[in-house]
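Some notes on the structure that comes next.
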Amino acid sequence: MQSDMIKIYPYRWIVLVSFMLITLMTQLLWITFAPITSAAAQYYGKSDIWIGLLSMSFMAVYVLVVLPSAWIIDTWGFRRAVGIGSVLTAVCALTRGIFGYNFALVFASQIGIALGQPLVLGSITKLAAKWFPVNERATAAGLGTLAIYLGILGGMIATPVLTLKVGIVGMLWLYGVLAAAAALGFLLLAKSEPPTPPCSSGQEERTLMFDGLKSMVRQRNFILLLVIFFIGLGMFNGVSTWIEAIVRARGFSTTQAGMLGGLMLIGGILGALVVPLISDSLGRRKPFITLALALLIPGLLGIIFASSYWLLLLSGFTFGFFLLSAGPIGFQYGAEITHPAPEGTSNSLLIVMGQVSGIVFIFAMDAFKSSTGSMTPSLLVLLALTVLSALLSLLLKESPLRSADKAAPGG
């Protein structure tokens, strides 16, 4: 409880869990074809690049629809927005299974799922603001972001196994049914807001989306945060995409590369659980963003240079833990420093930076690799950009909303 006049409702956790399940499914559906590229290319009679486009289409669609999605989130509320996204996700996941033998219809279904994704992912901080007190919002954002990582990890692990057992079409069918169940669970359990707000009236007040957007792009701290997100998310997408090529030159196998990618995600999952909780407990955002960017550097150095397998795995875990733990804190920090701009707008803009940078970094890393195929030159550029991000984070100012909350009675 924030004060005697503010009531915090336990039902917030049910709303959050229902949101996490549909979030998890959107990411699992996005990453479906990445771990079975060769098998899918053979089944559909397409090249690897066409299979890759099934996943990369999500990034392009996100960029195109981010502003309309943010408007829907901030105007219609998080439940209606996520509800629309959930229905799109479920229906198109089912059609992907029904027509799983036809590549063109699978691709069309992927586009439909991609249209629903921004309505779900862009609502993380809106949900936190509507249901959680200020001193729990980074935790709520962390759990929402955790669902993203779990969905990716689940897809990477489960998809190859299911493909071997029931085939590609059977796997797509199963994912469609799970998506429909998650969407139904959200529609039945989620509520737009509690009977009374979890914060003071001043903290609840928000401007219209386009007014908020204009104020955001004039805020120095938010521009710095956008640059940091561009580098951080782009780096994660690039390293994840080229993980096998990165370690191949040092004699590591495809299986070992897969283990490295898995440990990066496991580190990120643990980081998203632990670090936002500490941030909320101490009432600080900036130090955790700076520390995460600084402490991921040893992990990145290990990914670049480690020749022993145990050191490579430790480096991957460290890299994932600190890089991905900064995400939910950054989302919440962005919502707080742009107050009273709508949470959905700040959240969506930060995510779209990652979508754009993902495309840029994936192609740039391939372009900058050496003539022998080594990714070391590209990774050294990433290392320099990480140092730049850490230095830029020092220029950020602590969240004024968080400071005001700590100073308030009962804060």
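How things are named: the first chain in the structure tokens is A, the next is B, and so on; residues count from 1 in each chain; ligands count from 1 in the order shown.
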
Write out as an MDAnalysis selection string which residues come within 12 Å of Gly151 in chain A when counting only C-alpha atoms, dropping same-chain ones fewer than 2 positions away.
-> chainID A and resid 20:32 144:149 153:159 175 179 265:266 269

Please identify all polymer residues within 12 Å of Tyr309 in chain A, counting only C-alpha atoms, omitting same-chain residues fewer than 5 positions from it, and present them as a PDB file with C-alpha atoms, in the first residue's frame.
```pdb
ATOM      1  CA  VAL A 247      31.904 -19.366 -32.295  1.00  0.00           C
ATOM      2  CA  ARG A 250      37.128 -21.175 -32.633  1.00  0.00           C
ATOM      3  CA  GLY A 251      36.177 -24.794 -33.234  1.00  0.00           C
ATOM      4  CA  PHE A 252      32.879 -24.902 -31.313  1.00  0.00           C
ATOM      5  CA  SER A 253      30.109 -27.096 -32.706  1.00  0.00           C
ATOM      6  CA  THR A 255      25.332 -27.969 -30.462  1.00  0.00           C
ATOM      7  CA  GLN A 256      27.722 -25.933 -28.324  1.00  0.00           C
ATOM      8  CA  ALA A 257      26.544 -22.743 -30.044  1.00  0.00           C
ATOM      9  CA  MET A 259      23.863 -24.241 -25.605  1.00  0.00           C
ATOM     10  CA  LEU A 260      25.509 -20.812 -25.552  1.00  0.00           C
ATOM     11  CA  GLY A 302      34.208 -13.736 -23.467  1.00  0.00           C
ATOM     12  CA  ILE A 303      31.820 -14.350 -26.368  1.00  0.00           C
ATOM     13  CA  LEU A 314      29.876 -18.348 -18.397  1.00  0.00           C
ATOM     14  CA  SER A 315      30.361 -15.361 -20.692  1.00  0.00           C
ATOM     15  CA  GLY A 316      27.066 -16.021 -22.476  1.00  0.00           C
TER      16      GLY A 316
END
```

Would you mind reading off the distance between CA of Ser57 in chain A and CA of Ile228 in chain A, one decimal, in Å?
->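 It comes out at 23.6 Å.
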
A:Val106, A:Lys7, A:Gly142, A:Thr372 ranked by distance to Leu172 in chain A, top pick (using only C-alpha atoms) =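 Answer, going by the shortest atom-to-atom distance: A:Val106.
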
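Of note, CA of Val87 in chain A and CA of Leu127 in chain A are spaced 18.2 Å apart.
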
For Val61 in chain A, work out the shell of residues within 7 Å, counting only C-alpha atoms and skipping chain neighbours fewer than 4 positions away, then give it as a ChimeraX atom specification.
-> /A:57,65,114-115

Would you save the residues of that selection, restricted to C-alpha atoms, as a CSV table (one decimal), in the first residue's frame?
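Result saved to again-v4.csv:
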```csv
chain,number,residue,atom,x,y,z
A,57,SER,CA,8.6,-10.1,-41.1
A,65,VAL,CA,2.1,-0.4,-37.1
A,114,ALA,CA,2.8,-10.0,-36.4
A,115,LEU,CA,0.0,-7.4,-36.5
```

If we count only C-alpha atoms, what is near Met56 in chain A at a cut-off of 12 Å, once residues fewer than 5 positions away on the same chain are taken out, given as a PyMOL selection string?
-> chain A and resi 30-34+49-51+61-63+107+110-111+114+237+241+355-356+358-360+362-363

What is the CA of Ala326 in chain A to CA of Pro276 in chain A distance in Å?
->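 Answer for the CA of Ala326 in chain A to CA of Pro276 in chain A separation: 8.2 Å.
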
Go through A:Ala294, A:Met235, A:Val352, A:Val91 one by one, measure the shortest atom-to-atom distance of each to Phe58 in chain A using only C-alpha atoms, and give the residue with the smallest value.
-> A:Val352

Kindly indicate which residue among A:Trp13, A:Tyr101, A:Phe186, A:Phe317 lies nearest to Val82 in chain A, using only C-alpha atoms for the distances.
->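 When distances to Val82 in chain A are compared using only C-alpha atoms, the smallest one comes from A:Phe186.
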
Of A:Gly320, A:Pro298, A:Pro160, A:Gly185, the one nearest to Ile36 in chain A when counting only C-alpha atoms is A:Pro160
